[in-house]
Amino acid sequence: MLYIILTILLCFLGVFTFIPKFKSVIERYSVGINFFLTLVATLVGVLLAISITNYEAKQKEKQDVIKLLQSSISSVETCYEYSEELIEYFNKLPKEDELKAEFFLKNPPPYPEYLDTFLMQNIVSKNLSGTTLSDLNEYLINLKRSRTYNAPLYLKVLEQTLKLLEFEMAYQKGHINEAQLDLQLSAIEKILTTTGI
């Protein structure tokens with residue numbers, strides 16, 4: 001933005017050389033004015049090139065974050081589906097089965113380890129919204145805690161993590177603004193609070 005303002009200011013200064021009122025001054029100092037106009041043209045070109053490069057870099061970074069979010073969503077979905085099957089199998093076991101007491105200790109639901117890697121990447125911490133970053137860290141702690149002792153709760157936290165990532169994806173794509181994102185994330189937080197985390 002600074003480059004654009006500076007470019008406009010330099011162009012505005014260059015326009016003064018075309019005003020007939022200043023013709024005598026321009027003729028007298030033509031070498032200096034020509035040098036100034038050449039300098040302005042060069043600076044305008046350089047500043048515009050920098051602005052375009054910065055814009056393209058930000059767009060590419062945003063696309064990279066979206067790709068990483070898609071991978072995270074895929075990881076959470078896979079863990080969710082497997083955990084759902086595991087809980088379904090557990091519920092079908094007879095109540096008197098002695099394996100049922102330690103079932104989830106011996107067969108813990110899968111943890112989406114990709115999320116840990118996802119959060120450690122610099123591009124993610126730089127581009128993710130602050131609320132999502134904070135909530136996602138909180139959800140990861142809850143996932144680790146609930147994994148072996150409360151599988152239904154673990155499944156619920158996985159579901160909420162998935163929603164959080166989907167809302168962040170919509171925000172990164174420009175489908176919702178930051179205020180709408182915060183509203184959606186607050187709704188998820190209320191659901192988790194009533195669940196008992």
# chains A, B, ... in the order shown; residues from 1 in each chain; ligands from 1
$ select_by_dssp --residues "segment 98-171 of chain A" --states "helix (DSSP H, G or I)" --output "PyMOL selection string"
chain A and resi 98-100+103-106+114-120+122-127+130-146+151-171
$ atom_distance --atom1 "atom CA of Phe36 of chain A" --atom2 "atom CA of Val15 of chain A"
11.7 Å
$ closest_residue --among "A:Glu138, A:Glu56, A:Glu81, A:Asp64" --to "Asp116 of chain A" --atoms "only C-alpha atoms"
A:Glu138
$ residues_around --residues "segment 168-182 of chain A" --least-positions-apart "2" --cutoff "9 Å" --atoms "only C-alpha atoms" --output "PyMOL selection string"
chain A and resi 62-63+65-66+69-70+127-129+131-132+163-166+184-187
$ write_last_selection --atoms "N, CA, C and O atoms" --output "mmCIF file, in the first residue's frame"
data_model
loop_
_atom_site.group_PDB
_atom_site.id
_atom_site.type_symbol
_atom_site.label_atom_id
_atom_site.label_comp_id
_atom_site.auth_asym_id
_atom_site.auth_seq_id
_atom_site.Cartn_x
_atom_site.Cartn_y
_atom_site.Cartn_z
ATOM 1 N N LYS A 62 -1.560 -17.761 0.597
ATOM 2 C CA LYS A 62 -2.937 -18.079 0.972
ATOM 3 C C LYS A 62 -3.361 -19.412 0.347
ATOM 4 O O LYS A 62 -3.990 -20.235 1.006
ATOM 5 N N GLN A 63 -2.981 -19.643 -0.909
ATOM 6 C CA GLN A 63 -3.303 -20.908 -1.575
ATOM 7 C C GLN A 63 -2.604 -22.078 -0.879
ATOM 8 O O GLN A 63 -3.184 -23.155 -0.737
ATOM 9 N N VAL A 65 -1.791 -22.215 2.305
ATOM 10 C CA VAL A 65 -2.493 -22.438 3.576
ATOM 11 C C VAL A 65 -3.781 -23.221 3.331
ATOM 12 O O VAL A 65 -4.118 -24.129 4.090
ATOM 13 N N ILE A 66 -4.473 -22.895 2.249
ATOM 14 C CA ILE A 66 -5.712 -23.616 1.912
ATOM 15 C C ILE A 66 -5.410 -25.084 1.638
ATOM 16 O O ILE A 66 -6.138 -25.977 2.091
ATOM 17 N N LEU A 69 -4.808 -26.730 4.926
ATOM 18 C CA LEU A 69 -6.083 -26.901 5.626
ATOM 19 C C LEU A 69 -6.844 -28.100 5.060
ATOM 20 O O LEU A 69 -7.439 -28.877 5.818
ATOM 21 N N GLN A 70 -6.822 -28.264 3.738
ATOM 22 C CA GLN A 70 -7.498 -29.399 3.122
ATOM 23 C C GLN A 70 -6.887 -30.720 3.599
ATOM 24 O O GLN A 70 -7.606 -31.682 3.875
ATOM 25 N N ASN A 127 -0.614 -17.062 8.888
ATOM 26 C CA ASN A 127 -1.808 -16.764 8.090
ATOM 27 C C ASN A 127 -3.134 -17.176 8.714
ATOM 28 O O ASN A 127 -4.174 -16.676 8.309
ATOM 29 N N LEU A 128 -3.118 -18.115 9.656
ATOM 30 C CA LEU A 128 -4.362 -18.536 10.292
ATOM 31 C C LEU A 128 -4.891 -17.426 11.181
ATOM 32 O O LEU A 128 -4.114 -16.669 11.758
ATOM 33 N N SER A 129 -6.199 -17.333 11.300
ATOM 34 C CA SER A 129 -6.768 -16.324 12.198
ATOM 35 C C SER A 129 -6.373 -16.658 13.633
ATOM 36 O O SER A 129 -6.192 -17.825 13.983
ATOM 37 N N THR A 131 -8.048 -16.554 16.420
ATOM 38 C CA THR A 131 -9.035 -17.349 17.144
ATOM 39 C C THR A 131 -8.916 -18.827 16.782
ATOM 40 O O THR A 131 -8.934 -19.686 17.652
ATOM 41 N N THR A 132 -8.769 -19.102 15.501
ATOM 42 C CA THR A 132 -8.637 -20.495 15.056
ATOM 43 C C THR A 132 -7.375 -21.121 15.620
ATOM 44 O O THR A 132 -7.405 -22.263 16.089
ATOM 45 N N LYS A 163 -15.151 -29.060 12.138
ATOM 46 C CA LYS A 163 -15.940 -27.853 11.862
ATOM 47 C C LYS A 163 -15.055 -26.609 11.910
ATOM 48 O O LYS A 163 -15.159 -25.725 11.065
ATOM 49 N N LEU A 164 -14.188 -26.549 12.903
ATOM 50 C CA LEU A 164 -13.282 -25.408 13.052
ATOM 51 C C LEU A 164 -12.414 -25.248 11.807
ATOM 52 O O LEU A 164 -12.279 -24.148 11.266
ATOM 53 N N LEU A 165 -11.854 -26.345 11.323
ATOM 54 C CA LEU A 165 -11.004 -26.297 10.136
ATOM 55 C C LEU A 165 -11.803 -25.893 8.895
ATOM 56 O O LEU A 165 -11.312 -25.145 8.046
ATOM 57 N N GLU A 166 -13.034 -26.373 8.798
ATOM 58 C CA GLU A 166 -13.874 -26.011 7.654
ATOM 59 C C GLU A 166 -14.223 -24.527 7.672
ATOM 60 O O GLU A 166 -14.230 -23.869 6.625
ATOM 61 N N GLN A 184 -18.975 -18.170 14.374
ATOM 62 C CA GLN A 184 -19.065 -19.622 14.170
ATOM 63 C C GLN A 184 -18.222 -20.375 15.198
ATOM 64 O O GLN A 184 -18.652 -21.394 15.740
ATOM 65 N N LEU A 185 -17.028 -19.867 15.450
ATOM 66 C CA LEU A 185 -16.139 -20.536 16.410
ATOM 67 C C LEU A 185 -16.686 -20.451 17.823
ATOM 68 O O LEU A 185 -16.519 -21.374 18.620
ATOM 69 N N SER A 186 -17.358 -19.350 18.143
ATOM 70 C CA SER A 186 -17.998 -19.224 19.460
ATOM 71 C C SER A 186 -19.106 -20.261 19.623
ATOM 72 O O SER A 186 -19.285 -20.825 20.694
ATOM 73 N N ALA A 187 -19.838 -20.500 18.545
ATOM 74 C CA ALA A 187 -20.913 -21.501 18.591
ATOM 75 C C ALA A 187 -20.336 -22.890 18.843
ATOM 76 O O ALA A 187 -20.897 -23.674 19.620
#
$ residues_around --residues "Glu113 of chain A" --least-positions-apart "2" --cutoff "10 Å" --atoms "only C-alpha atoms" --output "short mmCIF file (atom, residue, chain, number, x, y, z; two decimals) with all heavy atoms, in the first residue's frame"
data_model
loop_
_atom_site.label_atom_id
_atom_site.label_comp_id
_atom_site.auth_asym_id
_atom_site.auth_seq_id
_atom_site.Cartn_x
_atom_site.Cartn_y
_atom_site.Cartn_z
N SER A 72 -5.37 -31.17 6.45
CA SER A 72 -5.76 -31.32 7.87
C SER A 72 -7.17 -31.85 7.98
O SER A 72 -7.46 -32.74 8.79
CB SER A 72 -5.66 -29.98 8.59
OG SER A 72 -4.34 -29.54 8.61
N SER A 75 -7.20 -35.49 7.20
CA SER A 75 -6.64 -36.27 8.32
C SER A 75 -7.67 -36.45 9.43
O SER A 75 -7.85 -37.55 9.96
CB SER A 75 -5.40 -35.56 8.85
OG SER A 75 -4.94 -36.14 10.03
N VAL A 76 -8.36 -35.38 9.79
CA VAL A 76 -9.36 -35.44 10.86
C VAL A 76 -10.54 -36.31 10.43
O VAL A 76 -11.06 -37.09 11.23
CB VAL A 76 -9.81 -34.02 11.26
CG1 VAL A 76 -10.98 -34.06 12.23
CG2 VAL A 76 -8.65 -33.24 11.88
N CYS A 79 -9.57 -39.98 10.80
CA CYS A 79 -9.56 -40.37 12.22
C CYS A 79 -10.99 -40.48 12.75
O CYS A 79 -11.30 -41.38 13.54
CB CYS A 79 -8.77 -39.37 13.04
SG CYS A 79 -7.00 -39.45 12.73
N PRO A 110 -7.51 -43.41 16.65
CA PRO A 110 -6.34 -42.75 16.04
C PRO A 110 -6.35 -41.25 16.28
O PRO A 110 -7.40 -40.61 16.27
CB PRO A 110 -6.50 -43.07 14.55
CG PRO A 110 -7.95 -43.33 14.36
CD PRO A 110 -8.44 -43.92 15.65
N TYR A 111 -5.19 -40.73 16.53
CA TYR A 111 -5.01 -39.30 16.76
C TYR A 111 -4.55 -38.65 15.46
O TYR A 111 -3.63 -39.16 14.81
CB TYR A 111 -3.98 -39.08 17.87
CG TYR A 111 -3.62 -37.64 18.10
CD1 TYR A 111 -4.50 -36.80 18.76
CD2 TYR A 111 -2.41 -37.13 17.64
CE1 TYR A 111 -4.18 -35.46 18.96
CE2 TYR A 111 -2.09 -35.80 17.84
CZ TYR A 111 -2.98 -34.96 18.50
OH TYR A 111 -2.66 -33.65 18.70
N LEU A 115 -2.13 -32.76 12.43
CA LEU A 115 -2.47 -31.44 13.00
C LEU A 115 -1.30 -30.83 13.77
O LEU A 115 -1.09 -29.62 13.76
CB LEU A 115 -3.71 -31.53 13.89
CG LEU A 115 -5.03 -31.74 13.17
CD1 LEU A 115 -6.16 -31.83 14.18
CD2 LEU A 115 -5.30 -30.67 12.15
N ASP A 116 -0.53 -31.68 14.47
CA ASP A 116 0.65 -31.17 15.18
C ASP A 116 1.66 -30.61 14.19
O ASP A 116 2.22 -29.53 14.40
CB ASP A 116 1.29 -32.29 16.01
CG ASP A 116 0.43 -32.71 17.19
OD1 ASP A 116 -0.32 -31.86 17.71
OD2 ASP A 116 0.50 -33.88 17.58
N THR A 117 1.88 -31.32 13.10
CA THR A 117 2.80 -30.87 12.06
C THR A 117 2.25 -29.60 11.40
O THR A 117 3.00 -28.67 11.12
CB THR A 117 2.97 -31.97 10.99
OG1 THR A 117 3.33 -33.18 11.63
CG2 THR A 117 4.00 -31.60 9.96
N PHE A 118 0.96 -29.59 11.16
CA PHE A 118 0.29 -28.46 10.55
C PHE A 118 0.52 -27.17 11.35
O PHE A 118 0.87 -26.13 10.80
CB PHE A 118 -1.21 -28.79 10.45
CG PHE A 118 -2.09 -27.64 10.02
CD1 PHE A 118 -2.09 -27.20 8.71
CD2 PHE A 118 -2.95 -27.03 10.93
CE1 PHE A 118 -2.93 -26.16 8.32
CE2 PHE A 118 -3.78 -26.00 10.55
CZ PHE A 118 -3.77 -25.56 9.23
N LEU A 140 -6.58 -29.75 20.35
CA LEU A 140 -5.56 -30.80 20.31
C LEU A 140 -5.27 -31.33 21.71
O LEU A 140 -5.09 -32.54 21.91
CB LEU A 140 -4.28 -30.28 19.66
CG LEU A 140 -4.36 -30.00 18.16
CD1 LEU A 140 -3.03 -29.53 17.62
CD2 LEU A 140 -4.84 -31.21 17.39
#
$ residues_around --residues "Pro109 of chain A" --least-positions-apart "6" --cutoff "12 Å" --atoms "only C-alpha atoms" --output "list of chain:residue names"
A:Val76, A:Thr78, A:Cys79, A:Tyr80, A:Glu81, A:Tyr82, A:Ser83, A:Glu84, A:Glu85, A:Leu86, A:Ile87, A:Glu88, A:Tyr89, A:Phe90, A:Phe103, A:Leu143, A:Lys144, A:Arg145, A:Ser146, A:Arg147, A:Thr148, A:Tyr149, A:Asn150, A:Ala151, A:Pro152, A:Leu153, A:Tyr154, A:Leu155, A:Leu158
$ atom_distance --atom1 "atom CA of Leu13 of chain A" --atom2 "atom CA of Thr53 of chain A"
25.0 Å
$ decode --residues "segment 25-41 of chain A" --atoms "all heavy atoms" --output "mmCIF file, in the first residue's frame"
data_model
loop_
_atom_site.group_PDB
_atom_site.id
_atom_site.type_symbol
_atom_site.label_atom_id
_atom_site.label_comp_id
_atom_site.auth_asym_id
_atom_site.auth_seq_id
_atom_site.Cartn_x
_atom_site.Cartn_y
_atom_site.Cartn_z
ATOM 1 N N VAL A 25 10.115 27.936 -16.664
ATOM 2 C CA VAL A 25 10.957 27.257 -15.677
ATOM 3 C C VAL A 25 11.413 25.909 -16.241
ATOM 4 O O VAL A 25 12.575 25.512 -16.080
ATOM 5 C CB VAL A 25 10.190 27.061 -14.340
ATOM 6 C CG1 VAL A 25 10.987 26.236 -13.352
ATOM 7 C CG2 VAL A 25 9.797 28.390 -13.735
ATOM 8 N N ILE A 26 10.514 25.224 -16.924
ATOM 9 C CA ILE A 26 10.829 23.916 -17.496
ATOM 10 C C ILE A 26 11.908 24.044 -18.571
ATOM 11 O O ILE A 26 12.833 23.230 -18.626
ATOM 12 C CB ILE A 26 9.548 23.261 -18.061
ATOM 13 C CG1 ILE A 26 8.589 22.931 -16.915
ATOM 14 C CG2 ILE A 26 9.875 21.998 -18.843
ATOM 15 C CD1 ILE A 26 7.211 22.512 -17.361
ATOM 16 N N GLU A 27 11.785 25.047 -19.423
ATOM 17 C CA GLU A 27 12.791 25.247 -20.474
ATOM 18 C C GLU A 27 14.152 25.591 -19.880
ATOM 19 O O GLU A 27 15.189 25.153 -20.372
ATOM 20 C CB GLU A 27 12.338 26.336 -21.446
ATOM 21 C CG GLU A 27 11.207 25.877 -22.344
ATOM 22 C CD GLU A 27 10.651 26.994 -23.216
ATOM 23 O OE1 GLU A 27 11.101 28.164 -23.098
ATOM 24 O OE2 GLU A 27 9.753 26.685 -24.012
ATOM 25 N N ARG A 28 14.158 26.409 -18.842
ATOM 26 C CA ARG A 28 15.409 26.812 -18.218
ATOM 27 C C ARG A 28 16.107 25.642 -17.525
ATOM 28 O O ARG A 28 17.322 25.518 -17.557
ATOM 29 C CB ARG A 28 15.122 27.922 -17.188
ATOM 30 C CG ARG A 28 16.347 28.703 -16.822
ATOM 31 C CD ARG A 28 16.058 29.926 -15.987
ATOM 32 N NE ARG A 28 14.618 30.125 -15.779
ATOM 33 C CZ ARG A 28 14.085 30.915 -14.868
ATOM 34 N NH1 ARG A 28 14.874 31.589 -14.071
ATOM 35 N NH2 ARG A 28 12.794 31.044 -14.737
ATOM 36 N N TYR A 29 15.347 24.790 -16.915
ATOM 37 C CA TYR A 29 15.917 23.651 -16.165
ATOM 38 C C TYR A 29 15.581 22.320 -16.839
ATOM 39 O O TYR A 29 15.342 21.327 -16.170
ATOM 40 C CB TYR A 29 15.384 23.648 -14.726
ATOM 41 C CG TYR A 29 15.713 24.901 -13.956
ATOM 42 C CD1 TYR A 29 14.718 25.835 -13.673
ATOM 43 C CD2 TYR A 29 17.014 25.150 -13.528
ATOM 44 C CE1 TYR A 29 15.016 26.990 -12.961
ATOM 45 C CE2 TYR A 29 17.307 26.307 -12.814
ATOM 46 C CZ TYR A 29 16.315 27.222 -12.547
ATOM 47 O OH TYR A 29 16.597 28.358 -11.847
ATOM 48 N N SER A 30 15.603 22.304 -18.137
ATOM 49 C CA SER A 30 15.160 21.109 -18.878
ATOM 50 C C SER A 30 16.002 19.868 -18.577
ATOM 51 O O SER A 30 15.470 18.761 -18.495
ATOM 52 C CB SER A 30 15.130 21.385 -20.380
ATOM 53 O OG SER A 30 16.440 21.628 -20.861
ATOM 54 N N VAL A 31 17.306 20.030 -18.418
ATOM 55 C CA VAL A 31 18.159 18.863 -18.132
ATOM 56 C C VAL A 31 17.784 18.255 -16.779
ATOM 57 O O VAL A 31 17.612 17.038 -16.643
ATOM 58 C CB VAL A 31 19.656 19.256 -18.158
ATOM 59 C CG1 VAL A 31 20.520 18.082 -17.728
ATOM 60 C CG2 VAL A 31 20.071 19.733 -19.527
ATOM 61 N N GLY A 32 17.632 19.095 -15.774
ATOM 62 C CA GLY A 32 17.265 18.620 -14.433
ATOM 63 C C GLY A 32 15.870 18.020 -14.409
ATOM 64 O O GLY A 32 15.636 16.980 -13.770
ATOM 65 N N ILE A 33 14.953 18.655 -15.120
ATOM 66 C CA ILE A 33 13.575 18.152 -15.145
ATOM 67 C C ILE A 33 13.506 16.822 -15.895
ATOM 68 O O ILE A 33 12.790 15.906 -15.484
ATOM 69 C CB ILE A 33 12.632 19.213 -15.744
ATOM 70 C CG1 ILE A 33 12.511 20.366 -14.743
ATOM 71 C CG2 ILE A 33 11.268 18.630 -16.054
ATOM 72 C CD1 ILE A 33 11.717 21.549 -15.204
ATOM 73 N N ASN A 34 14.256 16.712 -16.998
ATOM 74 C CA ASN A 34 14.286 15.436 -17.727
ATOM 75 C C ASN A 34 14.861 14.323 -16.847
ATOM 76 O O ASN A 34 14.373 13.194 -16.859
ATOM 77 C CB ASN A 34 15.097 15.564 -19.024
ATOM 78 C CG ASN A 34 14.344 16.335 -20.085
ATOM 79 O OD1 ASN A 34 13.121 16.430 -20.041
ATOM 80 N ND2 ASN A 34 15.068 16.905 -21.038
ATOM 81 N N PHE A 35 15.899 14.673 -16.100
ATOM 82 C CA PHE A 35 16.470 13.689 -15.168
ATOM 83 C C PHE A 35 15.426 13.289 -14.125
ATOM 84 O O PHE A 35 15.253 12.111 -13.812
ATOM 85 C CB PHE A 35 17.719 14.268 -14.489
ATOM 86 C CG PHE A 35 18.273 13.375 -13.427
ATOM 87 C CD1 PHE A 35 18.992 12.231 -13.758
ATOM 88 C CD2 PHE A 35 18.055 13.641 -12.074
ATOM 89 C CE1 PHE A 35 19.497 11.393 -12.775
ATOM 90 C CE2 PHE A 35 18.546 12.807 -11.089
ATOM 91 C CZ PHE A 35 19.270 11.687 -11.445
ATOM 92 N N PHE A 36 14.707 14.275 -13.582
ATOM 93 C CA PHE A 36 13.675 14.027 -12.578
ATOM 94 C C PHE A 36 12.574 13.131 -13.157
ATOM 95 O O PHE A 36 12.138 12.176 -12.510
ATOM 96 C CB PHE A 36 13.090 15.353 -12.073
ATOM 97 C CG PHE A 36 11.911 15.172 -11.168
ATOM 98 C CD1 PHE A 36 12.066 14.720 -9.868
ATOM 99 C CD2 PHE A 36 10.620 15.447 -11.624
ATOM 100 C CE1 PHE A 36 10.977 14.551 -9.035
ATOM 101 C CE2 PHE A 36 9.527 15.271 -10.796
ATOM 102 C CZ PHE A 36 9.694 14.821 -9.498
ATOM 103 N N LEU A 37 12.131 13.420 -14.390
ATOM 104 C CA LEU A 37 11.067 12.616 -15.007
ATOM 105 C C LEU A 37 11.534 11.179 -15.266
ATOM 106 O O LEU A 37 10.771 10.224 -15.082
ATOM 107 C CB LEU A 37 10.590 13.273 -16.307
ATOM 108 C CG LEU A 37 9.783 14.561 -16.129
ATOM 109 C CD1 LEU A 37 9.447 15.175 -17.470
ATOM 110 C CD2 LEU A 37 8.526 14.312 -15.326
ATOM 111 N N THR A 38 12.783 11.045 -15.681
ATOM 112 C CA THR A 38 13.337 9.699 -15.878
ATOM 113 C C THR A 38 13.394 8.949 -14.553
ATOM 114 O O THR A 38 13.053 7.762 -14.469
ATOM 115 C CB THR A 38 14.749 9.791 -16.503
ATOM 116 O OG1 THR A 38 14.681 10.535 -17.711
ATOM 117 C CG2 THR A 38 15.311 8.418 -16.782
ATOM 118 N N LEU A 39 13.823 9.650 -13.512
ATOM 119 C CA LEU A 39 13.885 9.065 -12.175
ATOM 120 C C LEU A 39 12.493 8.653 -11.698
ATOM 121 O O LEU A 39 12.304 7.556 -11.160
ATOM 122 C CB LEU A 39 14.516 10.064 -11.195
ATOM 123 C CG LEU A 39 14.733 9.587 -9.767
ATOM 124 C CD1 LEU A 39 15.749 8.450 -9.754
ATOM 125 C CD2 LEU A 39 15.214 10.730 -8.906
ATOM 126 N N VAL A 40 11.506 9.515 -11.916
ATOM 127 C CA VAL A 40 10.125 9.217 -11.517
ATOM 128 C C VAL A 40 9.623 7.984 -12.268
ATOM 129 O O VAL A 40 9.038 7.082 -11.666
ATOM 130 C CB VAL A 40 9.198 10.434 -11.762
ATOM 131 C CG1 VAL A 40 7.733 10.038 -11.661
ATOM 132 C CG2 VAL A 40 9.500 11.535 -10.765
ATOM 133 N N ALA A 41 9.860 7.934 -13.579
ATOM 134 C CA ALA A 41 9.395 6.796 -14.373
ATOM 135 C C ALA A 41 10.034 5.496 -13.887
ATOM 136 O O ALA A 41 9.367 4.455 -13.768
ATOM 137 C CB ALA A 41 9.717 7.021 -15.849
#
